[in-house]
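Trainee: File name structure.tsv; file contents TSV, C-alpha atoms; full text below.
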```tsv
chain	number	residue	atom	x	y	z
A	1	MET	CA	-3.10	-8.43	-93.95
A	2	ALA	CA	-0.88	-10.07	-96.52
A	3	GLY	CA	2.09	-12.30	-95.87
A	4	ALA	CA	5.62	-12.24	-97.27
A	5	ARG	CA	7.71	-14.90	-99.01
A	6	GLN	CA	11.23	-15.46	-97.75
A	7	GLN	CA	12.33	-16.22	-101.31
A	8	ASP	CA	11.24	-12.74	-102.45
A	9	MET	CA	13.16	-11.08	-99.63
A	10	ASP	CA	16.27	-13.13	-100.40
A	11	ILE	CA	16.14	-12.14	-104.07
A	12	TYR	CA	15.76	-8.49	-103.11
A	13	ALA	CA	18.71	-8.59	-100.73
A	14	ASP	CA	20.94	-10.41	-103.21
A	15	THR	CA	20.01	-8.11	-106.08
A	16	PHE	CA	20.98	-4.97	-104.18
A	17	GLY	CA	23.97	-6.38	-102.33
A	18	LEU	CA	22.29	-6.30	-98.92
A	19	PRO	CA	22.55	-8.88	-96.14
A	20	ARG	CA	19.77	-11.46	-96.22
A	21	PHE	CA	17.16	-11.00	-93.53
A	22	THR	CA	14.28	-12.91	-91.97
A	23	PRO	CA	11.69	-10.85	-90.06
A	24	GLU	CA	10.35	-11.96	-86.73
A	25	VAL	CA	6.69	-12.90	-87.25
A	26	ILE	CA	4.09	-12.35	-84.53
A	27	GLY	CA	0.67	-13.91	-84.88
A	28	GLY	CA	1.66	-16.31	-87.65
A	29	MET	CA	2.60	-15.59	-91.24
A	30	PRO	CA	-0.56	-14.86	-93.27
A	31	GLU	CA	-1.07	-17.37	-96.06
A	32	ARG	CA	-2.22	-14.82	-98.61
A	33	VAL	CA	0.65	-13.00	-100.32
A	34	ARG	CA	-0.16	-9.82	-102.27
A	35	GLY	CA	3.15	-8.02	-102.11
A	36	GLU	CA	2.47	-5.16	-99.69
A	37	SER	CA	4.17	-6.75	-96.70
A	38	SER	CA	7.15	-7.84	-98.81
A	39	MET	CA	7.43	-4.34	-100.26
A	40	ASP	CA	7.36	-2.69	-96.82
A	41	LEU	CA	9.97	-5.06	-95.44
A	42	GLN	CA	12.22	-4.64	-98.46
A	43	VAL	CA	12.08	-0.84	-98.50
A	44	ILE	CA	12.81	-0.62	-94.78
A	45	HIS	CA	15.67	-3.11	-95.11
A	46	GLY	CA	17.10	-1.08	-97.99
A	47	ILE	CA	17.03	2.12	-95.92
A	48	VAL	CA	18.20	0.61	-92.60
A	49	PRO	CA	19.87	-2.76	-93.31
A	50	ASP	CA	20.76	-3.32	-89.64
A	51	ALA	CA	17.24	-2.69	-88.30
A	52	LYS	CA	15.35	-5.49	-86.60
A	53	LEU	CA	12.25	-6.19	-88.71
A	54	VAL	CA	9.05	-7.54	-87.19
A	55	LEU	CA	5.93	-8.52	-89.13
A	56	VAL	CA	2.80	-8.42	-86.96
A	57	ASN	CA	-0.25	-10.27	-88.25
A	58	ALA	CA	-3.15	-7.97	-87.34
A	59	ARG	CA	-5.82	-9.90	-89.24
A	60	SER	CA	-7.69	-10.82	-86.05
A	61	THR	CA	-8.29	-7.13	-85.29
A	62	THR	CA	-9.67	-6.11	-88.67
A	63	ASN	CA	-13.11	-7.68	-88.36
A	64	ASN	CA	-15.88	-6.22	-86.26
A	65	ASP	CA	-17.72	-9.45	-85.49
A	66	GLY	CA	-19.68	-8.70	-82.35
A	67	GLY	CA	-18.10	-5.25	-82.14
A	68	GLY	CA	-14.85	-4.26	-80.55
A	69	ALA	CA	-12.58	-4.08	-83.61
A	70	PHE	CA	-10.97	-0.82	-82.46
A	71	GLU	CA	-10.52	-2.21	-78.95
A	72	LYS	CA	-8.72	-5.23	-80.45
A	73	LEU	CA	-6.42	-3.02	-82.51
A	74	GLY	CA	-5.71	-0.82	-79.50
A	75	ARG	CA	-4.76	-3.81	-77.36
A	76	LEU	CA	-2.46	-5.13	-80.10
A	77	MET	CA	-0.76	-1.74	-80.35
A	78	GLU	CA	-0.27	-1.64	-76.58
A	79	ALA	CA	1.26	-5.13	-76.60
A	80	MET	CA	3.68	-4.17	-79.36
A	81	THR	CA	4.64	-0.98	-77.51
A	82	ASP	CA	5.49	-3.04	-74.42
A	83	ARG	CA	7.52	-5.48	-76.49
A	84	PHE	CA	9.21	-3.03	-78.89
A	85	PRO	CA	9.23	0.48	-77.34
A	86	GLY	CA	10.39	3.20	-79.69
A	87	ALA	CA	9.88	1.14	-82.83
A	88	VAL	CA	8.77	2.62	-86.16
A	89	TRP	CA	5.36	1.28	-87.21
A	90	SER	CA	4.25	0.93	-90.83
A	91	PHE	CA	0.55	0.22	-91.33
A	92	SER	CA	-1.50	-0.47	-94.39
A	93	ILE	CA	-4.85	-0.88	-92.65
A	94	GLY	CA	-7.88	0.42	-94.51
A	95	TRP	CA	-10.95	0.95	-92.31
A	96	GLY	CA	-12.89	2.81	-94.95
A	97	CYS	CA	-14.72	6.12	-94.84
A	98	ASP	CA	-14.02	8.21	-91.75
A	99	ARG	CA	-17.61	9.53	-91.78
A	100	LEU	CA	-18.83	6.07	-90.76
A	101	PHE	CA	-17.27	6.44	-87.31
A	102	THR	CA	-17.34	8.70	-84.27
A	103	ALA	CA	-14.57	10.06	-82.08
A	104	ALA	CA	-15.61	7.54	-79.41
A	105	ASP	CA	-15.02	4.67	-81.85
A	106	PHE	CA	-11.40	5.72	-82.29
A	107	ALA	CA	-10.68	6.32	-78.59
A	108	PRO	CA	-8.96	2.94	-77.91
A	109	VAL	CA	-6.67	3.27	-80.94
A	110	ARG	CA	-5.83	6.92	-80.22
A	111	ALA	CA	-4.98	6.09	-76.60
A	112	ALA	CA	-2.75	3.21	-77.68
A	113	LEU	CA	-1.04	5.36	-80.30
A	114	ALA	CA	-0.45	8.15	-77.77
A	115	GLY	CA	1.19	5.64	-75.43
A	116	ALA	CA	3.42	4.38	-78.23
A	117	LEU	CA	4.45	7.89	-79.23
A	118	ARG	CA	5.58	8.58	-75.66
A	119	THR	CA	8.16	5.78	-76.04
A	120	GLY	CA	9.56	7.36	-79.22
A	121	THR	CA	7.51	5.40	-81.74
A	122	THR	CA	6.38	6.97	-85.01
A	123	ALA	CA	3.39	5.39	-86.74
A	124	PHE	CA	2.79	5.64	-90.49
A	125	ASN	CA	-0.35	4.58	-92.34
A	126	ALA	CA	-1.25	4.69	-96.03
A	127	THR	CA	-4.07	7.05	-97.00
A	128	GLY	CA	-5.55	4.48	-99.37
A	129	ASP	CA	-5.58	3.92	-103.11
A	130	LEU	CA	-9.18	4.82	-104.03
A	131	ALA	CA	-8.29	8.32	-105.28
A	132	GLY	CA	-10.15	10.05	-102.46
A	133	LEU	CA	-13.35	8.01	-102.89
A	134	GLU	CA	-13.07	6.16	-99.58
A	135	CYS	CA	-16.79	6.66	-98.90
A	136	LYS	CA	-17.99	4.99	-102.08
A	137	GLY	CA	-19.74	1.71	-101.34
A	138	GLY	CA	-18.84	-1.44	-103.23
A	139	GLN	CA	-22.36	-1.83	-104.57
A	140	ARG	CA	-22.00	1.55	-106.33
A	141	TRP	CA	-18.43	1.16	-107.49
A	142	SER	CA	-19.27	1.08	-111.19
A	143	ALA	CA	-21.37	4.27	-110.96
A	144	PRO	CA	-19.86	7.72	-111.63
A	145	PRO	CA	-18.42	9.35	-108.48
A	146	SER	CA	-20.60	11.74	-106.52
A	147	PRO	CA	-19.79	14.26	-103.76
A	148	ASP	CA	-21.07	11.76	-101.19
A	149	ASP	CA	-18.31	9.34	-102.21
A	150	VAL	CA	-15.48	11.71	-101.32
A	151	GLY	CA	-13.77	11.00	-98.01
A	152	VAL	CA	-10.59	9.92	-96.27
A	153	ASP	CA	-9.40	6.69	-94.72
A	154	ALA	CA	-10.44	6.49	-91.07
A	155	VAL	CA	-7.23	5.26	-89.42
A	156	ALA	CA	-4.93	7.42	-91.55
A	157	SER	CA	-6.92	10.48	-90.47
A	158	LEU	CA	-6.03	10.07	-86.78
A	159	PRO	CA	-3.86	12.99	-85.54
A	160	GLU	CA	-1.43	10.55	-83.89
A	161	MET	CA	-0.83	8.81	-87.21
A	162	VAL	CA	1.47	10.08	-89.95
A	163	ALA	CA	-0.74	9.80	-93.03
A	164	VAL	CA	1.28	8.86	-96.10
A	165	GLY	CA	0.01	9.65	-99.59
A	166	GLY	CA	1.36	8.73	-103.01
A	167	THR	CA	2.68	10.81	-105.87
A	168	LYS	CA	3.20	10.48	-109.60
A	169	LEU	CA	6.77	11.43	-110.54
A	170	SER	CA	7.86	12.85	-113.89
A	171	THR	CA	11.54	13.05	-114.88
A	172	ASP	CA	13.59	14.04	-117.88
A	173	ALA	CA	15.62	11.58	-119.95
A	174	GLU	CA	18.46	11.74	-117.42
A	175	GLY	CA	16.16	10.93	-114.54
A	176	ASP	CA	16.14	14.44	-113.09
A	177	TRP	CA	12.99	15.68	-111.35
A	178	LEU	CA	10.51	17.63	-113.47
A	179	ASP	CA	7.15	17.41	-111.74
A	180	GLU	CA	5.28	15.56	-109.01
A	181	GLN	CA	1.56	15.41	-108.32
A	182	ALA	CA	-0.95	13.20	-106.53
A	183	TRP	CA	-0.93	9.73	-108.08
A	184	TYR	CA	-4.12	8.65	-109.80
A	185	ASN	CA	-5.28	6.23	-112.48
A	186	VAL	CA	-8.56	7.46	-113.97
A	187	PRO	CA	-9.57	4.28	-115.89
A	188	LEU	CA	-9.17	2.11	-112.78
A	189	THR	CA	-10.53	4.75	-110.36
A	190	GLN	CA	-7.40	4.30	-108.29
A	191	GLY	CA	-5.04	6.78	-106.79
A	192	SER	CA	-3.66	8.31	-103.64
A	193	GLY	CA	-6.17	9.08	-100.91
A	194	GLY	CA	-6.35	12.40	-99.13
A	195	GLY	CA	-8.62	15.20	-98.09
A	196	VAL	CA	-10.10	16.76	-94.97
A	197	PRO	CA	-11.08	14.40	-92.12
A	198	THR	CA	-14.40	15.19	-90.48
A	199	LEU	CA	-13.48	14.64	-86.83
A	200	TYR	CA	-10.20	16.41	-86.11
A	201	ARG	CA	-9.00	19.97	-85.84
A	202	ARG	CA	-5.85	21.29	-87.53
A	203	PRO	CA	-2.79	20.01	-85.60
A	204	SER	CA	0.04	22.40	-84.79
A	205	TRP	CA	2.40	21.01	-87.43
A	206	GLN	CA	-0.08	21.84	-90.19
A	207	VAL	CA	-0.68	25.43	-89.13
A	208	GLY	CA	0.61	27.80	-91.79
A	209	HIS	CA	-0.89	25.86	-94.68
A	210	GLU	CA	-4.15	27.80	-94.66
A	211	LYS	CA	-4.39	27.76	-98.46
A	212	ALA	CA	-5.00	24.00	-98.29
A	213	GLY	CA	-8.47	23.07	-97.09
A	214	PRO	CA	-10.55	24.56	-94.27
A	215	ARG	CA	-8.45	26.60	-91.86
A	216	ASP	CA	-9.47	24.68	-88.75
A	217	ARG	CA	-9.45	21.05	-89.98
A	218	ARG	CA	-6.77	18.40	-90.12
A	219	LEU	CA	-5.40	17.68	-93.59
A	220	SER	CA	-4.44	14.30	-95.00
A	221	PRO	CA	-1.84	13.21	-96.01
A	222	ASP	CA	0.99	14.59	-93.89
A	223	VAL	CA	3.74	13.37	-96.23
A	224	ALA	CA	3.86	11.62	-99.59
A	225	ALA	CA	6.26	9.54	-101.67
A	226	VAL	CA	6.31	8.09	-105.17
A	227	ALA	CA	3.53	5.51	-105.52
A	228	ASP	CA	2.82	5.27	-109.25
A	229	PRO	CA	4.55	2.13	-110.58
A	230	ARG	CA	5.29	3.99	-113.82
A	231	VAL	CA	7.69	6.95	-113.97
A	232	ASP	CA	6.92	9.41	-116.75
A	233	GLN	CA	9.89	10.58	-118.78
A	234	LEU	CA	8.87	13.78	-120.51
A	235	ALA	CA	12.01	14.71	-122.36
A	236	ALA	CA	11.81	14.92	-126.14
A	237	GLY	CA	12.28	11.58	-127.81
A	238	ARG	CA	11.41	9.53	-124.74
A	239	ALA	CA	8.01	7.84	-124.34
```
Go ahead and render the structure in this file as structure tokens.
Mentor:
Amino acid sequence: MAGARQQDMDIYADTFGLPRFTPEVIGGMPERVRGESSMDLQVIHGIVPDAKLVLVNARSTTNNDGGGAFEKLGRLMEAMTDRFPGAVWSFSIGWGCDRLFTAADFAPVRAALAGALRTGTTAFNATGDLAGLECKGGQRWSAPPSPDDVGVDAVASLPEMVAVGGTKLSTDAEGDWLDEQAWYNVPLTQGSGGGVPTLYRRPSWQVGHEKAGPRDRRLSPDVAAVADPRVDQLAAGRA
């Protein structure tokens, strides 16, 4: 998990005429700053300026030393539910290929998520940025993709999680919508994750989309928003 700089958040608030804010930090502010946490905090603050923002350092749950990583994450979720019932959760946890796990592995996290949802919480998690190649091992990253590399992010695939994908937006010269598709960057083998999880059946809110994927399987993502840092302007005379 990455940390956030107060200076960045102050600049954001001042630039857009918003009140300055300082999130409550649980578990200590991570030293490494890569921008994701700052971006999440800033976007949420821009949408709901009066919301209480809490940054939870989940780094201790993301290793599986000696086993029990999912149990750790489940306990952290339960603690946050007790402390902040009904909160909106935004995750960016990547656990890798869903085919590496079983339904039993996910049981502690699913139980914790179900408990949080009963308090009114909604949990969002990114589907990843490996363009659907979540199952490709690092030692083979430079090799051409194969069917065995295709997969979805494990945590984002959970039925209790709202899986959030990314899109590439195209507009005309006036900024009006022209087209939107899954975001990808071929040279960097990056892009929005998504696909058909192996473990879960089609939830009720996805019934009626039978043209997308197998009829009986969950689909990922559930929703998507602009993720490509570059907006294409396709009108004549604009590059």
Trainee: Please identify all polymer residues within 9 Å of stretch 67-75 of chain A, counting all atoms listed in the file, omitting same-chain residues fewer than 5 positions from it, and present them as a count of residues only.
Mentor: 14
Trainee: Nearest to A:Val196: which of A:Ala173, A:Ile11, A:Ala227, A:Ala156 is it, counting only C-alpha atoms?
Mentor: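 Closest to A:Val196 of all the choices is A:Ala156.
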Trainee: Leaving out A:Ala154 and any residue of its chain fewer than 6 positions from it, which residues lie within 6 Å of it when counting all atoms listed in the file, given as an NGL selection string?
Mentor: :A and (95-98)
Trainee: Would you mind telling me which residue in A:Val223, A:Leu199, A:Ala131, A:Leu178 lies nearest to A:Pro159 when using all atoms listed in the file?
Mentor: A:Leu199
Trainee: To one decimal in Å, tell me the separation between atom CA of A:Thr119 and atom CA of A:Lys52.
Mentor: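 The value is 17.0 Å.
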Trainee: Work out how far atom CA of A:Ser142 is from atom CA of A:Gly3, in Å to one decimal.
Mentor: 29.5 Å
